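Participant: What follows is a structure written as structure tokens; I'll ask about it next.
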Amino acid sequence: MPDTAPTEDLARRAAGGDPAALDELLHAIRPEVVRRCGRFLPCREDAEEAAQDVLLQVARKIGTFEGRSRFGTWLHTVVANCARQKYRELKRRAAEQPAPIDVERHADPRTTSVIAGSRLDLLDALDRLEREHPHLVAPLVYRDICQLEYAEAAERAGIPLGTFKSRLHEARRQVRPWLAPPS
């Protein structure tokens, strides 16, 4: 996050209905939001599009920020939800209208980023986990993707720390085989 103290103050003021604070907050967090969306979506354009969705959600829902946790924690949730939603939308769109392969723009698997591939695998795994065990998604997203501390992630998930750790362990156990390279 940009300098935390001013951002926290801007968030509290914006949540209280200060439109100037909201504008300043959105401007201040934009670079960080794009970077965080990039953790989920390998294509820069998709990450920027998801970031716009995040900023729109922040503007619409800032009144729900109660200040009980840090604004950065609240923002992590919005980023994770918007990025995952953007991924589902892109996946659905691709399934509905398969685009012809443009040889000039087609990614060569020999030069495609390993990180980009692993992010797509992770998003597929998160979708599958959400279908099969929805209560395990939040712990995995908060701790392993958003990289929140255990206590903060448990608080954000609204569950006791022991329960959080147990669900995180189970989520990792469920997802591990889905992410393993084919043998």
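Letters A, B, ... mark the chains of the structure tokens in the order given; residue numbers begin at 1 per chain; ligand numbers begin at 1, in order shown.
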Any idea what's packed within 12 Å of stretch 131-133 of chain A, counting only C-alpha atoms, ignoring anything in its chain fewer than 5 positions away? Could you give it as an NGL selection string?
Facilitator: :A and (124-126 or 138-140 or 167-168 or 170-175)
Participant: Output the selection as a compact mmCIF listing (two decimals), in the first residue's frame - N, CA and C atoms for each residue.
Facilitator:
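Below is the file part.txt, written as the result:
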# COMPACT_ATOMS: atom_id res chain seq x y z
N ASP A 124 -7.80 -21.59 -12.01
CA ASP A 124 -8.65 -22.76 -12.29
C ASP A 124 -8.86 -23.57 -11.00
N ALA A 125 -7.78 -23.74 -10.24
CA ALA A 125 -7.88 -24.49 -8.99
C ALA A 125 -8.81 -23.78 -8.00
N LEU A 126 -8.73 -22.45 -7.93
CA LEU A 126 -9.61 -21.70 -7.04
C LEU A 126 -11.07 -21.84 -7.47
N ALA A 138 -11.55 -18.64 0.99
CA ALA A 138 -11.07 -17.41 1.65
C ALA A 138 -9.74 -17.63 2.37
N PRO A 139 -9.58 -18.69 3.16
CA PRO A 139 -8.27 -18.86 3.81
C PRO A 139 -7.11 -18.96 2.82
N LEU A 140 -7.32 -19.68 1.73
CA LEU A 140 -6.25 -19.83 0.74
C LEU A 140 -5.94 -18.50 0.06
N ARG A 167 -8.62 -24.82 8.04
CA ARG A 167 -9.19 -24.69 6.68
C ARG A 167 -8.10 -24.41 5.65
N LEU A 168 -7.11 -23.62 6.01
CA LEU A 168 -6.01 -23.34 5.10
C LEU A 168 -5.25 -24.62 4.78
N GLU A 170 -6.41 -27.66 4.88
CA GLU A 170 -7.27 -28.49 4.02
C GLU A 170 -7.34 -27.93 2.60
N ALA A 171 -7.40 -26.61 2.47
CA ALA A 171 -7.44 -25.99 1.14
C ALA A 171 -6.17 -26.32 0.37
N ARG A 172 -5.04 -26.19 1.02
CA ARG A 172 -3.76 -26.51 0.37
C ARG A 172 -3.71 -27.98 -0.03
N ARG A 173 -4.22 -28.85 0.85
CA ARG A 173 -4.24 -30.29 0.55
C ARG A 173 -5.12 -30.58 -0.67
N GLN A 174 -6.26 -29.90 -0.76
CA GLN A 174 -7.18 -30.10 -1.88
C GLN A 174 -6.57 -29.60 -3.19
N VAL A 175 -5.94 -28.43 -3.14
CA VAL A 175 -5.46 -27.75 -4.36
C VAL A 175 -4.14 -28.34 -4.88
Participant: Taking only C-alpha atoms into account, name the residue in A:Ile29, A:Ala15, A:Ala51, A:Leu22 that is nearest to A:Gly67.
Facilitator: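 For A:Gly67, the nearest of the candidates is A:Ala15.
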Participant: For A:Gly17, which residue among A:Arg156, A:Lys61, A:Arg93, A:His76 is the nearest when counting only C-alpha atoms?
Facilitator: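 The closest residue to A:Gly17 is A:Lys61.
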Participant: Between A:Glu96, A:Asp53, A:Glu66, A:Glu155, single out the one closest to A:Val78, counting only C-alpha atoms.
Facilitator: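 The shortest atom-to-atom distance to A:Val78 comes from A:Asp53.
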Participant: Can you tell me how far atom CA of A:Ala14 sits from atom CA of A:Ile145, in Å to one decimal?
Facilitator: 26.8 Å
Participant: Let me make sure I understand: among A:Ala28, A:Leu129, A:Ala83, A:Ala20, which one has the smallest atom-to-atom distance to A:Glu49 if we use only C-alpha atoms?
Facilitator: A:Ala83
Participant: Between A:Leu25, A:Phe65, A:Val79, A:Lys86, which residue has the minimum interatomic distance to A:Cys43, considering only C-alpha atoms?
Facilitator: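 Going through A:Leu25, A:Phe65, A:Val79, A:Lys86 one by one, the smallest distance to A:Cys43 is for A:Lys86.
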Participant: Using atom CA of A:Leu123 and atom CA of A:Arg39 as the two end points, give the distance in Å to one decimal.
Facilitator: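 Here the two named atoms are 10.6 Å from each other.
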Participant: Pick from A:Lys165, A:Arg84, A:His135, A:Arg176: nearest to A:Asp46, with only C-alpha atoms counted?
Facilitator: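 Closest candidate: A:Arg84.
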Participant: Excluding A:Arg143 and its own-chain neighbours fewer than 5 positions away, which residues fall within 9 Å of it when counting only C-alpha atoms? Please give them as a PyMOL selection string.
Facilitator: chain A and resi 138+148-150+153-154+168
Participant: In Å to one decimal, how far is atom CA of A:Leu122 from atom CA of A:His169?
Facilitator: 16.1 Å
Participant: Can you list, as a ChimeraX atom specification, all residues belonging to stretch 47-89 of chain A that DSSP tags as alpha helix (DSSP H)?
Facilitator: /A:47-61,71-89
Participant: Tell me which protein, DNA and RNA residues are within 12 Å of A:Ala21, counting only C-alpha atoms, leaving out same-chain ones fewer than 2 positions away, and put them as a list in words.
Facilitator: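 Contacts, with the query itself left out: Pro6, Thr7, Glu8, Asp9, Leu10, Ala11, Arg12, Arg13, Ala14, Ala15, Gly16, Gly17, Asp18, Pro19, Asp23, Glu24, Leu25, Leu26, His27, Ala28, Ala59 and Ile62 of chain A.
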Participant: Convert the current residue selection to file output with N, CA and C atoms, as an mmCIF file, in the first residue's frame.
Facilitator:
data_model
loop_
_atom_site.group_PDB
_atom_site.id
_atom_site.type_symbol
_atom_site.label_atom_id
_atom_site.label_comp_id
_atom_site.auth_asym_id
_atom_site.auth_seq_id
_atom_site.Cartn_x
_atom_site.Cartn_y
_atom_site.Cartn_z
ATOM 1 N N PRO A 6 -1.690 7.861 5.802
ATOM 2 C CA PRO A 6 -2.587 8.726 5.021
ATOM 3 C C PRO A 6 -3.688 7.938 4.302
ATOM 4 N N THR A 7 -3.353 6.752 3.828
ATOM 5 C CA THR A 7 -4.345 5.932 3.130
ATOM 6 C C THR A 7 -5.460 5.518 4.084
ATOM 7 N N GLU A 8 -5.090 5.100 5.278
ATOM 8 C CA GLU A 8 -6.088 4.718 6.284
ATOM 9 C C GLU A 8 -6.997 5.905 6.613
ATOM 10 N N ASP A 9 -6.398 7.070 6.766
ATOM 11 C CA ASP A 9 -7.165 8.278 7.066
ATOM 12 C C ASP A 9 -8.103 8.629 5.912
ATOM 13 N N LEU A 10 -7.573 8.564 4.685
ATOM 14 C CA LEU A 10 -8.413 8.842 3.510
ATOM 15 C C LEU A 10 -9.584 7.868 3.447
ATOM 16 N N ALA A 11 -9.313 6.588 3.727
ATOM 17 C CA ALA A 11 -10.370 5.572 3.679
ATOM 18 C C ALA A 11 -11.453 5.868 4.712
ATOM 19 N N ARG A 12 -11.044 6.235 5.934
ATOM 20 C CA ARG A 12 -12.042 6.547 6.966
ATOM 21 C C ARG A 12 -12.869 7.768 6.568
ATOM 22 N N ARG A 13 -12.201 8.782 6.036
ATOM 23 C CA ARG A 13 -12.922 9.990 5.621
ATOM 24 C C ARG A 13 -13.860 9.691 4.443
ATOM 25 N N ALA A 14 -13.365 8.896 3.485
ATOM 26 C CA ALA A 14 -14.198 8.532 2.329
ATOM 27 C C ALA A 14 -15.402 7.709 2.776
ATOM 28 N N ALA A 15 -15.181 6.777 3.707
ATOM 29 C CA ALA A 15 -16.279 5.950 4.228
ATOM 30 C C ALA A 15 -17.308 6.819 4.940
ATOM 31 N N GLY A 16 -16.849 7.939 5.493
ATOM 32 C CA GLY A 16 -17.749 8.866 6.159
ATOM 33 C C GLY A 16 -18.487 9.789 5.210
ATOM 34 N N GLY A 17 -18.205 9.670 3.899
ATOM 35 C CA GLY A 17 -18.952 10.440 2.909
ATOM 36 C C GLY A 17 -18.212 11.623 2.311
ATOM 37 N N ASP A 18 -16.907 11.751 2.534
ATOM 38 C CA ASP A 18 -16.113 12.863 1.998
ATOM 39 C C ASP A 18 -15.709 12.551 0.553
ATOM 40 N N PRO A 19 -16.343 13.204 -0.461
ATOM 41 C CA PRO A 19 -16.051 12.887 -1.857
ATOM 42 C C PRO A 19 -14.609 13.252 -2.264
ATOM 43 N N ASP A 23 -11.843 10.623 -3.920
ATOM 44 C CA ASP A 23 -11.059 10.856 -5.141
ATOM 45 C C ASP A 23 -9.573 10.692 -4.873
ATOM 46 N N GLU A 24 -9.118 11.256 -3.774
ATOM 47 C CA GLU A 24 -7.695 11.168 -3.427
ATOM 48 C C GLU A 24 -7.305 9.719 -3.118
ATOM 49 N N LEU A 25 -8.175 9.004 -2.436
ATOM 50 C CA LEU A 25 -7.929 7.601 -2.103
ATOM 51 C C LEU A 25 -7.804 6.764 -3.370
ATOM 52 N N LEU A 26 -8.744 6.919 -4.290
ATOM 53 C CA LEU A 26 -8.713 6.141 -5.535
ATOM 54 C C LEU A 26 -7.438 6.419 -6.319
ATOM 55 N N HIS A 27 -7.033 7.666 -6.361
ATOM 56 C CA HIS A 27 -5.799 8.034 -7.060
ATOM 57 C C HIS A 27 -4.580 7.396 -6.367
ATOM 58 N N ALA A 28 -4.573 7.416 -5.037
ATOM 59 C CA ALA A 28 -3.439 6.897 -4.276
ATOM 60 C C ALA A 28 -3.290 5.379 -4.394
ATOM 61 N N ALA A 59 -15.249 2.655 -4.841
ATOM 62 C CA ALA A 59 -16.058 3.882 -4.862
ATOM 63 C C ALA A 59 -17.501 3.595 -4.444
ATOM 64 N N ILE A 62 -17.338 1.905 -0.428
ATOM 65 C CA ILE A 62 -16.496 2.456 0.638
ATOM 66 C C ILE A 62 -17.306 2.702 1.911
#
